[in-house]
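In what follows, a structure is listed as structure tokens, so that the remarks can point back to it.
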Amino acid sequence: MTNLLNIFSVEEILAPEVIYKYVYPAWKPEIMKVSLLPTLNDGNLDANQMNSQRQLAISLSAIAQVSDRNVPLNLCLILDHSGSMSGRPLETVKKAANQIVDRLKEGDRLSVVVFDHRAKVLVPNQIVNDKEAIKQKINRLAADGGTAIDEGLRLGIEELAKGKKETVSQAFLLTDGENEHGDNKRCLKFAQLAAGYNLTLNTLGFGDNWNQDILEKIADDGGGTLSYIQQPEQAVDEFARLFSRVQAVALTNAYLLFYFMPKVRLAELKPVAQVSPDTIELPVQQEADGRFAVRLGDLMKDTERVVLANIYLGQFAAGKHVIANVQVRYDDPAQNQIGLLSENISVEVNVLPAYQGEANPEVQQHILALAKYRQTQLAEAKLQQGDRAGAATMLQTAAKTALQMGDVGAATVLQTSATRLQSGEELSQSDRKKTRIVSKTVLQD
């Protein structure tokens with residue numbers, strides 16, 4: 001065995017990553033940490049069909065264990081204090097931020113970055129020991145200047161990266177406006193960079209004048225969620241809701257891995273999407289061993305995420321066949337372990353010479369959720385092209401899909417927007433944002 005004292009100090013030898021590499025190079029703890037359940041929309045297949053299509057829903061979450069120690073949170077608040085935030089908007093955001101500070105626990109880290117047409121670090125990344133001093137700095141914020149989201153994002157990611165070791169690292173980016181003094185492409189590059197460093201970006205649009213395309217893309221690329229704060233008084237509740245979601249994160253840097261058997265393949269166009277708790281199109285990359293990997297980012301304790309994969313199958317002989325295996329690769333910050341693997345789960349079909357369908361109602365709900373999102377996306381594209389009638393028709397279709405799901409709130413918002421377009425009215429910024437949010441998830445009251 002290698003003499004580790006020639007390479008490392010005693011303290012370094014005791015580090016888990018050194019023990020795993022040099023003492024037990026092939027060993028990793030067998031701790032079941034991920035709940036993983038794949039289900040087909042129809043588990044039966046027609047033996048006489050040359051080609052078939054199926055939707056594969058994968059439900060997954062982190063399993064809460066009593067023995068888990070609490071993982072410290074590494075949070076960065078990236079706050080817009082431009083001139084348009086003057087008055088009640090900024091005051092309510094400061095109140096919301098202060099309540100987040102109060103909820104931080106011993107060992108948690110915080111940084112605060114603020115921006116107008118410039119950005120600065122208000123509170124450098126630190127373990128939270130003096131909450132009152134932090135809140136005093138937040139309370140002294142005044143509204144002024146324009147908006148440079150990309151500079152705020154850059155500094156926020158830099159601060160967040162300083163405290164990422166053995167923590168759950170999350171940023172809340174709040175803005176009420178367009179990136180008038182910045183570059184939106186730069187924002188998206190920073191979001192992708194953050195995801196690569198296992199840093200999660202959540203976005204909050206305040207009021208009605210923020211760019212929904214950019215904030216949604218930052219959240220999607222950064223592995224986080226998009227929130228809409230329509231009225232100032234909603235800021236405290238929305239910050240609190242998002243913070244509770246962050247506190248539930250148990251595992252990070254998760255990838256869903258697919259291995260498909262011969263005669264089985266992913267669809268070529270938009271093959272994989274998350275459909276719960278919100279809807280996001282997910283990029284797919286093929287790994288060296290032939291498996292397909294989809295980055296999920298964070299997994300929350302006992303909070304289900306559902307991913308939907310569109311697959312095509314060739315002809316199979318009658319009988320039961322394994323068509324795919326699914327597995328999750330993830331990091332466990334509580335144990336300071338990376339690259340752990342869940343159980344490898346097989347997906348089977350039952351091939352029948354006399355086919356009878358066996359539709360799964362839960363998977364059908366997930367299919368409808370994705371249809372609602374994509375129909376709304378098509379409506380927005382038609383509206384941008386000046387096709388108001390086409391946009392109204394697609395919004396009506398999305399409203400009917402929402403009703404099929406039992407999502408009455410979304411159906412009401414979507415139908416209202418369709419009716420306004422049909423009557424010759426313009427959609428307000430508020431209408432457009434509500435339409436986008438309900439297409440992705442259930443609208444927060």
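Naming scheme: A, B, ... for chains in displayed order of the structure tokens; residues 1 onward per chain; ligands 1 onward as shown.
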
Would you mind listing what lies within 12 Å of region 196-198 of chain A as a PyMOL selection string, with only C-alpha atoms counted and same-chain residues fewer than 6 positions away left out?
-> chain A and resi 74+157-158+160-171+189-190+221-224+251-255+295-298+330-333+338

Suppose we keep C-alpha atoms; can you now write the selection as a JSON list (two decimals), in the first residue's frame?
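This went into part_27.json:
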```json
[["chain", "number", "residue", "atom", "x", "y", "z"],
["A", 74, "ASN", "CA", -24.76, 28.49, 1.67],
["A", 157, "ILE", "CA", -21.75, 33.36, -8.13],
["A", 158, "GLU", "CA", -18.26, 34.42, -7.01],
["A", 160, "LEU", "CA", -21.47, 31.63, -3.44],
["A", 161, "ALA", "CA", -18.47, 29.65, -4.72],
["A", 162, "LYS", "CA", -16.40, 30.73, -1.69],
["A", 163, "GLY", "CA", -18.63, 28.70, 0.67],
["A", 164, "LYS", "CA", -19.67, 25.74, -1.48],
["A", 165, "LYS", "CA", -17.67, 22.99, 0.29],
["A", 166, "GLU", "CA", -19.94, 20.61, 2.25],
["A", 167, "THR", "CA", -22.96, 22.90, 1.89],
["A", 168, "VAL", "CA", -26.14, 23.25, -0.13],
["A", 169, "SER", "CA", -25.38, 26.31, -2.26],
["A", 170, "GLN", "CA", -28.30, 28.40, -3.51],
["A", 171, "ALA", "CA", -28.81, 31.93, -4.85],
["A", 189, "LYS", "CA", -23.43, 31.85, -19.57],
["A", 190, "PHE", "CA", -23.16, 32.61, -15.85],
["A", 221, "ASP", "CA", -30.09, 26.52, -16.68],
["A", 222, "GLY", "CA", -29.14, 27.14, -13.05],
["A", 223, "GLY", "CA", -31.19, 24.18, -11.77],
["A", 224, "GLY", "CA", -33.55, 26.39, -9.75],
["A", 251, "LEU", "CA", -28.64, 15.64, -2.14],
["A", 252, "THR", "CA", -26.98, 17.71, -4.85],
["A", 253, "ASN", "CA", -25.51, 17.45, -8.35],
["A", 254, "ALA", "CA", -27.90, 14.64, -9.26],
["A", 255, "TYR", "CA", -27.94, 13.09, -12.73],
["A", 295, "ARG", "CA", -28.76, 16.78, -14.97],
["A", 296, "LEU", "CA", -31.35, 17.27, -12.23],
["A", 297, "GLY", "CA", -29.29, 19.25, -9.72],
["A", 298, "ASP", "CA", -30.77, 19.19, -6.20],
["A", 330, "TYR", "CA", -25.48, 12.21, -6.92],
["A", 331, "ASP", "CA", -23.43, 13.95, -4.25],
["A", 332, "ASP", "CA", -24.17, 13.80, -0.53],
["A", 333, "PRO", "CA", -22.89, 17.01, 1.10],
["A", 338, "ILE", "CA", -19.49, 12.62, -4.43]]
```

Could you pull out all residues of region 226-424 of chain A with a DSSP call of strand (DSSP E) and give them as a PyMOL selection string?
-> chain A and resi 226-229+249-260+264-266+272-276+280-281+285-286+292-300+305-313+319-332+337-341+345-352

From the set A:Ala309, A:Val349, A:Leu79, A:Ala195, which residue has the shortest atom-to-atom contact distance to Ile323 (chain A), counting only C-alpha atoms?
-> A:Val349

Extract the full set of alpha helix (DSSP H) residues from region 63-204 of chain A according to DSSP on the backbone, and format it as a ChimeraX atom specification.
-> /A:88-103,131-139,149-161,184-196

Kindly export the residues of the current selection with N, CA and C atoms, as a short mmCIF file (atom, residue, chain, number, x, y, z; two decimals), in the first residue's frame.
```cif
data_model
loop_
_atom_site.label_atom_id
_atom_site.label_comp_id
_atom_site.auth_asym_id
_atom_site.auth_seq_id
_atom_site.Cartn_x
_atom_site.Cartn_y
_atom_site.Cartn_z
N ARG A 88 -42.23 51.25 -1.54
CA ARG A 88 -42.73 50.01 -0.97
C ARG A 88 -42.06 48.75 -1.51
N PRO A 89 -41.77 48.66 -2.83
CA PRO A 89 -41.12 47.45 -3.32
C PRO A 89 -39.82 47.12 -2.59
N LEU A 90 -38.90 48.09 -2.49
CA LEU A 90 -37.63 47.81 -1.83
C LEU A 90 -37.82 47.56 -0.34
N GLU A 91 -38.74 48.28 0.28
CA GLU A 91 -38.95 48.07 1.73
C GLU A 91 -39.44 46.66 2.01
N THR A 92 -40.34 46.14 1.17
CA THR A 92 -40.85 44.78 1.40
C THR A 92 -39.77 43.74 1.10
N VAL A 93 -38.92 44.01 0.11
CA VAL A 93 -37.83 43.08 -0.19
C VAL A 93 -36.83 43.05 0.96
N LYS A 94 -36.54 44.21 1.55
CA LYS A 94 -35.64 44.24 2.70
C LYS A 94 -36.24 43.47 3.88
N LYS A 95 -37.54 43.63 4.07
CA LYS A 95 -38.22 42.88 5.14
C LYS A 95 -38.13 41.37 4.88
N ALA A 96 -38.36 40.97 3.63
CA ALA A 96 -38.29 39.54 3.27
C ALA A 96 -36.87 39.01 3.48
N ALA A 97 -35.87 39.80 3.07
CA ALA A 97 -34.47 39.38 3.22
C ALA A 97 -34.10 39.24 4.70
N ASN A 98 -34.56 40.18 5.53
CA ASN A 98 -34.27 40.13 6.96
C ASN A 98 -34.88 38.89 7.62
N GLN A 99 -36.08 38.51 7.17
CA GLN A 99 -36.70 37.31 7.73
C GLN A 99 -35.93 36.05 7.33
N ILE A 100 -35.35 36.06 6.13
CA ILE A 100 -34.49 34.94 5.72
C ILE A 100 -33.27 34.88 6.64
N VAL A 101 -32.67 36.04 6.92
CA VAL A 101 -31.51 36.08 7.82
C VAL A 101 -31.88 35.47 9.17
N ASP A 102 -33.06 35.81 9.69
CA ASP A 102 -33.50 35.29 10.99
C ASP A 102 -33.68 33.77 10.97
N ARG A 103 -34.01 33.21 9.81
CA ARG A 103 -34.26 31.76 9.73
C ARG A 103 -32.99 30.94 9.54
N LYS A 131 -26.36 38.34 13.17
CA LYS A 131 -27.51 38.59 12.30
C LYS A 131 -27.91 40.07 12.29
N GLU A 132 -27.79 40.72 13.43
CA GLU A 132 -28.21 42.12 13.50
C GLU A 132 -27.34 43.00 12.61
N ALA A 133 -26.03 42.74 12.58
CA ALA A 133 -25.14 43.53 11.74
C ALA A 133 -25.47 43.35 10.26
N ILE A 134 -25.82 42.12 9.88
CA ILE A 134 -26.20 41.85 8.49
C ILE A 134 -27.49 42.58 8.14
N LYS A 135 -28.46 42.53 9.05
CA LYS A 135 -29.75 43.19 8.78
C LYS A 135 -29.61 44.71 8.72
N GLN A 136 -28.70 45.25 9.50
CA GLN A 136 -28.46 46.69 9.43
C GLN A 136 -27.94 47.11 8.05
N LYS A 137 -27.06 46.29 7.48
CA LYS A 137 -26.54 46.58 6.14
C LYS A 137 -27.67 46.51 5.10
N ILE A 138 -28.52 45.51 5.23
CA ILE A 138 -29.65 45.37 4.31
C ILE A 138 -30.60 46.56 4.44
N ASN A 139 -30.86 46.97 5.69
CA ASN A 139 -31.81 48.07 5.93
C ASN A 139 -31.32 49.41 5.39
N ILE A 149 -28.27 43.15 -14.38
CA ILE A 149 -28.47 41.84 -13.76
C ILE A 149 -27.21 40.98 -13.89
N ASP A 150 -26.55 41.02 -15.05
CA ASP A 150 -25.41 40.13 -15.25
C ASP A 150 -24.27 40.41 -14.29
N GLU A 151 -24.05 41.68 -13.94
CA GLU A 151 -22.99 42.00 -12.98
C GLU A 151 -23.35 41.51 -11.58
N GLY A 152 -24.63 41.64 -11.22
CA GLY A 152 -25.08 41.10 -9.94
C GLY A 152 -24.91 39.60 -9.89
N LEU A 153 -25.27 38.94 -10.99
CA LEU A 153 -25.14 37.49 -11.07
C LEU A 153 -23.68 37.05 -10.97
N ARG A 154 -22.81 37.77 -11.65
CA ARG A 154 -21.38 37.42 -11.62
C ARG A 154 -20.83 37.49 -10.20
N LEU A 155 -21.08 38.60 -9.51
CA LEU A 155 -20.59 38.73 -8.14
C LEU A 155 -21.24 37.71 -7.20
N GLY A 156 -22.53 37.45 -7.42
CA GLY A 156 -23.24 36.49 -6.58
C GLY A 156 -22.64 35.09 -6.70
N ILE A 157 -22.34 34.69 -7.91
CA ILE A 157 -21.75 33.36 -8.13
C ILE A 157 -20.36 33.30 -7.50
N GLU A 158 -19.58 34.38 -7.62
CA GLU A 158 -18.26 34.42 -7.01
C GLU A 158 -18.36 34.26 -5.49
N GLU A 159 -19.30 34.96 -4.86
CA GLU A 159 -19.46 34.86 -3.41
C GLU A 159 -19.95 33.47 -3.01
N LEU A 160 -20.91 32.94 -3.76
CA LEU A 160 -21.47 31.63 -3.44
C LEU A 160 -20.39 30.55 -3.53
N ALA A 161 -19.51 30.66 -4.52
CA ALA A 161 -18.47 29.65 -4.72
C ALA A 161 -17.50 29.59 -3.54
N ASN A 184 -27.81 39.97 -21.72
CA ASN A 184 -28.58 38.78 -21.36
C ASN A 184 -27.84 37.48 -21.69
N LYS A 185 -27.10 37.47 -22.78
CA LYS A 185 -26.33 36.27 -23.12
C LYS A 185 -25.31 35.95 -22.04
N ARG A 186 -24.75 37.01 -21.47
CA ARG A 186 -23.79 36.83 -20.38
C ARG A 186 -24.49 36.21 -19.16
N CYS A 187 -25.73 36.62 -18.89
CA CYS A 187 -26.50 36.04 -17.79
C CYS A 187 -26.62 34.52 -17.95
N LEU A 188 -26.94 34.08 -19.17
CA LEU A 188 -27.15 32.66 -19.41
C LEU A 188 -25.84 31.89 -19.31
N LYS A 189 -24.74 32.50 -19.74
CA LYS A 189 -23.43 31.85 -19.57
C LYS A 189 -23.11 31.68 -18.10
N PHE A 190 -23.41 32.71 -17.28
CA PHE A 190 -23.16 32.61 -15.85
C PHE A 190 -24.03 31.52 -15.22
N ALA A 191 -25.28 31.39 -15.67
CA ALA A 191 -26.17 30.36 -15.13
C ALA A 191 -25.62 28.97 -15.42
N GLN A 192 -25.13 28.76 -16.64
CA GLN A 192 -24.55 27.46 -16.99
C GLN A 192 -23.27 27.20 -16.21
N LEU A 193 -22.48 28.25 -16.00
CA LEU A 193 -21.27 28.13 -15.19
C LEU A 193 -21.61 27.73 -13.76
N ALA A 194 -22.63 28.36 -13.20
CA ALA A 194 -23.05 28.05 -11.83
C ALA A 194 -23.45 26.58 -11.70
N ALA A 195 -24.23 26.09 -12.67
CA ALA A 195 -24.65 24.69 -12.63
C ALA A 195 -23.45 23.75 -12.68
N GLY A 196 -22.45 24.13 -13.47
CA GLY A 196 -21.24 23.31 -13.56
C GLY A 196 -20.48 23.24 -12.26
#
```

From A:Asp80, A:Glu287, A:Asp183, A:Glu348, residue lying nearest Val322 (chain A) [only C-alpha atoms] =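 Smallest distance to Val322 (chain A) is found for A:Glu348.
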
Which residue, A:Asp431, A:Ile229, A:Asp208, A:Ala57, has the smallest gap to Ile367 (chain A) when you use only C-alpha atoms?
->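 Answer, going by the shortest atom-to-atom distance: A:Ala57.
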
Nearest-residue call for Glu216 (chain A), choices A:Val264, A:Leu313, A:Ile437, A:Val284, using only C-alpha atoms |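 Among the listed residues, the smallest separation from Glu216 (chain A) belongs to A:Ile437.
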
Would you write out, as CSV, a table of all residues in region 225-306 of chain A that have an atom no more than 10 Å from an atom of region 38-55 of chain A, listing for each the closest atom pair and the distance in Å to one decimal, considering only C-alpha atoms and ordering rows by chain and rising residue number?
```
residue,atom,partner,partner_atom,distance
A:Lys263,CA,A:Asn51,CA,9.2
A:Val264,CA,A:Ser52,CA,9.7
A:Arg265,CA,A:Gln53,CA,9.8
A:Leu266,CA,A:Gln53,CA,9.8
A:Ala267,CA,A:Gln53,CA,9.0
A:Pro271,CA,A:Gln55,CA,9.6
A:Val272,CA,A:Gln55,CA,9.7
A:Val306,CA,A:Pro38,CA,9.5
```

Please write the residues from the selection above to a file, keeping N, CA and C atoms, as a PDB file, in the first residue's frame.
```pdb
ATOM      1  N   LYS A 263     -33.059  -1.872 -29.859  1.00  0.00           N
ATOM      2  CA  LYS A 263     -34.414  -1.619 -30.357  1.00  0.00           C
ATOM      3  C   LYS A 263     -35.158  -0.543 -29.564  1.00  0.00           C
ATOM      4  N   VAL A 264     -34.482   0.118 -28.620  1.00  0.00           N
ATOM      5  CA  VAL A 264     -35.124   1.169 -27.826  1.00  0.00           C
ATOM      6  C   VAL A 264     -34.276   2.432 -27.942  1.00  0.00           C
ATOM      7  N   ARG A 265     -34.941   3.567 -28.170  1.00  0.00           N
ATOM      8  CA  ARG A 265     -34.200   4.827 -28.295  1.00  0.00           C
ATOM      9  C   ARG A 265     -35.042   5.984 -27.781  1.00  0.00           C
ATOM     10  N   LEU A 266     -34.345   7.070 -27.438  1.00  0.00           N
ATOM     11  CA  LEU A 266     -35.027   8.312 -27.090  1.00  0.00           C
ATOM     12  C   LEU A 266     -35.541   8.999 -28.348  1.00  0.00           C
ATOM     13  N   ALA A 267     -36.618   9.751 -28.207  1.00  0.00           N
ATOM     14  CA  ALA A 267     -37.084  10.605 -29.306  1.00  0.00           C
ATOM     15  C   ALA A 267     -35.990  11.604 -29.651  1.00  0.00           C
ATOM     16  N   PRO A 271     -36.576  15.079 -26.002  1.00  0.00           N
ATOM     17  CA  PRO A 271     -36.948  13.756 -25.504  1.00  0.00           C
ATOM     18  C   PRO A 271     -37.236  13.686 -24.010  1.00  0.00           C
ATOM     19  N   VAL A 272     -36.697  14.627 -23.212  1.00  0.00           N
ATOM     20  CA  VAL A 272     -36.806  14.517 -21.750  1.00  0.00           C
ATOM     21  C   VAL A 272     -37.202  15.871 -21.170  1.00  0.00           C
ATOM     22  N   VAL A 306     -40.586  14.562 -10.891  1.00  0.00           N
ATOM     23  CA  VAL A 306     -40.981  13.618 -11.938  1.00  0.00           C
ATOM     24  C   VAL A 306     -40.386  14.068 -13.264  1.00  0.00           C
TER      25      VAL A 306
END
```

Tell me, as a VMD selection string, which residues lie within 6 Å of region 106-119 of chain A, counting only C-alpha atoms; anything in the same chain fewer than 4 positions away does not count.
-> chain A and resid 72 to 82 123 to 128 145 to 148 151 to 152 156 181

Can you write just those residues out, N, CA and C atoms, as a tab-separated table (two decimals), in the first residue's frame?
```
chain	number	residue	atom	x	y	z
A	72	PRO	N	-25.23	22.34	6.19
A	72	PRO	CA	-25.30	23.80	6.24
A	72	PRO	C	-25.75	24.38	4.90
A	73	LEU	N	-26.48	25.48	4.97
A	73	LEU	CA	-26.92	26.18	3.78
A	73	LEU	C	-25.92	27.28	3.44
A	74	ASN	N	-25.61	27.42	2.18
A	74	ASN	CA	-24.76	28.49	1.67
A	74	ASN	C	-25.63	29.31	0.73
A	75	LEU	N	-26.13	30.44	1.22
A	75	LEU	CA	-27.14	31.21	0.50
A	75	LEU	C	-26.58	32.56	0.08
A	76	CYS	N	-26.88	32.96	-1.15
A	76	CYS	CA	-26.55	34.29	-1.62
A	76	CYS	C	-27.82	34.99	-2.08
A	77	LEU	N	-28.10	36.16	-1.53
A	77	LEU	CA	-29.20	37.00	-1.98
A	77	LEU	C	-28.64	38.02	-2.96
A	78	ILE	N	-29.18	38.03	-4.19
A	78	ILE	CA	-28.74	38.95	-5.23
A	78	ILE	C	-29.93	39.88	-5.51
A	79	LEU	N	-29.86	41.09	-4.99
A	79	LEU	CA	-31.04	41.95	-4.93
A	79	LEU	C	-30.91	43.20	-5.79
A	80	ASP	N	-31.93	43.46	-6.56
A	80	ASP	CA	-32.05	44.66	-7.39
A	80	ASP	C	-32.48	45.82	-6.49
A	81	HIS	N	-31.67	46.92	-6.48
A	81	HIS	CA	-32.10	48.12	-5.75
A	81	HIS	C	-32.06	49.33	-6.68
A	82	SER	N	-32.41	49.09	-7.95
A	82	SER	CA	-32.45	50.17	-8.94
A	82	SER	C	-33.57	51.15	-8.61
A	123	VAL	N	-22.66	42.04	1.68
A	123	VAL	CA	-22.24	41.15	2.78
A	123	VAL	C	-21.39	40.05	2.16
A	124	PRO	N	-20.07	40.03	2.42
A	124	PRO	CA	-19.22	38.97	1.87
A	124	PRO	C	-19.63	37.61	2.44
A	125	ASN	N	-19.33	36.54	1.70
A	125	ASN	CA	-19.68	35.18	2.14
A	125	ASN	C	-19.08	34.90	3.52
A	126	GLN	N	-19.94	34.51	4.45
A	126	GLN	CA	-19.49	34.30	5.84
A	126	GLN	C	-20.45	33.38	6.56
A	127	ILE	N	-19.92	32.70	7.60
A	127	ILE	CA	-20.79	31.98	8.53
A	127	ILE	C	-21.57	33.02	9.32
A	128	VAL	N	-22.86	32.81	9.45
A	128	VAL	CA	-23.73	33.83	10.06
A	128	VAL	C	-23.59	33.77	11.58
A	145	GLY	N	-30.51	54.37	-9.67
A	145	GLY	CA	-29.81	53.88	-10.84
A	145	GLY	C	-30.62	52.93	-11.72
A	146	GLY	N	-29.92	52.32	-12.70
A	146	GLY	CA	-30.53	51.41	-13.66
A	146	GLY	C	-30.39	49.96	-13.22
A	147	THR	N	-30.33	49.04	-14.19
A	147	THR	CA	-30.33	47.61	-13.87
A	147	THR	C	-29.26	46.88	-14.67
A	148	ALA	N	-28.36	46.19	-13.96
A	148	ALA	CA	-27.32	45.36	-14.60
A	148	ALA	C	-27.34	43.98	-13.93
A	151	GLU	N	-24.05	41.68	-13.94
A	151	GLU	CA	-22.99	42.00	-12.98
A	151	GLU	C	-23.35	41.51	-11.58
A	152	GLY	N	-24.63	41.64	-11.22
A	152	GLY	CA	-25.08	41.10	-9.94
A	152	GLY	C	-24.91	39.60	-9.89
A	156	GLY	N	-22.53	37.45	-7.42
A	156	GLY	CA	-23.24	36.49	-6.58
A	156	GLY	C	-22.64	35.09	-6.70
A	181	HIS	N	-28.62	47.67	-18.55
A	181	HIS	CA	-27.21	48.05	-18.55
A	181	HIS	C	-26.30	46.82	-18.66
```

Point-to-point distance in Å for CA of Ala143 (chain A) and CA of Ser227 (chain A) |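 Interatomic distance, CA of Ser227 (chain A) to CA of Ala143 (chain A): 21.9 Å.
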
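When only C-alpha atoms are used to measure the gap to Asp213 (chain A), the shortest distance among A:Asn179, A:Gln231, A:Gln396, A:Asn360 belongs to A:Asn179.
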
Length of the CA of Leu368 (chain A) to CA of Gln285 (chain A) vector [Å] = 25.3 Å

What separation in Å, quoted to one decimal, exists between CA of Val307 (chain A) and CA of Leu60 (chain A)?
->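 Going from CA of Val307 (chain A) over to CA of Leu60 (chain A), I get 8.3 Å.
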
Polymer residues at most 9 Å from Gln377 (chain A), only C-alpha atoms, same-chain spacing of 3 or more positions, as a list of chain:residue names =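 Residues meeting the cut-off are A:Lys372, A:Tyr373, A:Arg374, A:Glu380, A:Ala381, A:Lys382, A:Met394, A:Arg436, A:Ser439.
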
Could you give me, as a PyMOL selection string, the residues within 10 Å of Lys434 (chain A), counting only C-alpha atoms and dropping anything in the same chain fewer than 2 positions from it?
-> chain A and resi 208+228+230+410+413-414+417+428-432+436-439+443-444

Would you output that residue set with C-alpha atoms, as a CSV table (one decimal), in the first residue's frame?
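Contents of out-v6.csv, freshly written:
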```csv
chain,number,residue,atom,x,y,z
A,208,ASP,CA,-44.7,43.2,-14.2
A,228,TYR,CA,-43.5,35.7,-9.7
A,230,GLN,CA,-46.9,40.4,-8.5
A,410,ALA,CA,-54.4,27.5,-14.7
A,413,VAL,CA,-55.8,32.2,-16.4
A,414,LEU,CA,-55.2,30.6,-19.9
A,417,SER,CA,-55.8,35.4,-21.9
A,428,SER,CA,-50.9,43.1,-20.2
A,429,GLN,CA,-47.4,42.3,-18.8
A,430,SER,CA,-49.2,40.8,-15.8
A,431,ASP,CA,-51.3,38.5,-18.1
A,432,ARG,CA,-48.2,37.3,-19.9
A,436,ARG,CA,-46.1,31.7,-18.2
A,437,ILE,CA,-46.1,30.7,-14.6
A,438,VAL,CA,-49.3,28.6,-14.8
A,439,SER,CA,-47.9,26.8,-17.8
A,443,LEU,CA,-49.9,29.5,-9.6
A,444,GLN,CA,-49.1,30.6,-6.1
```
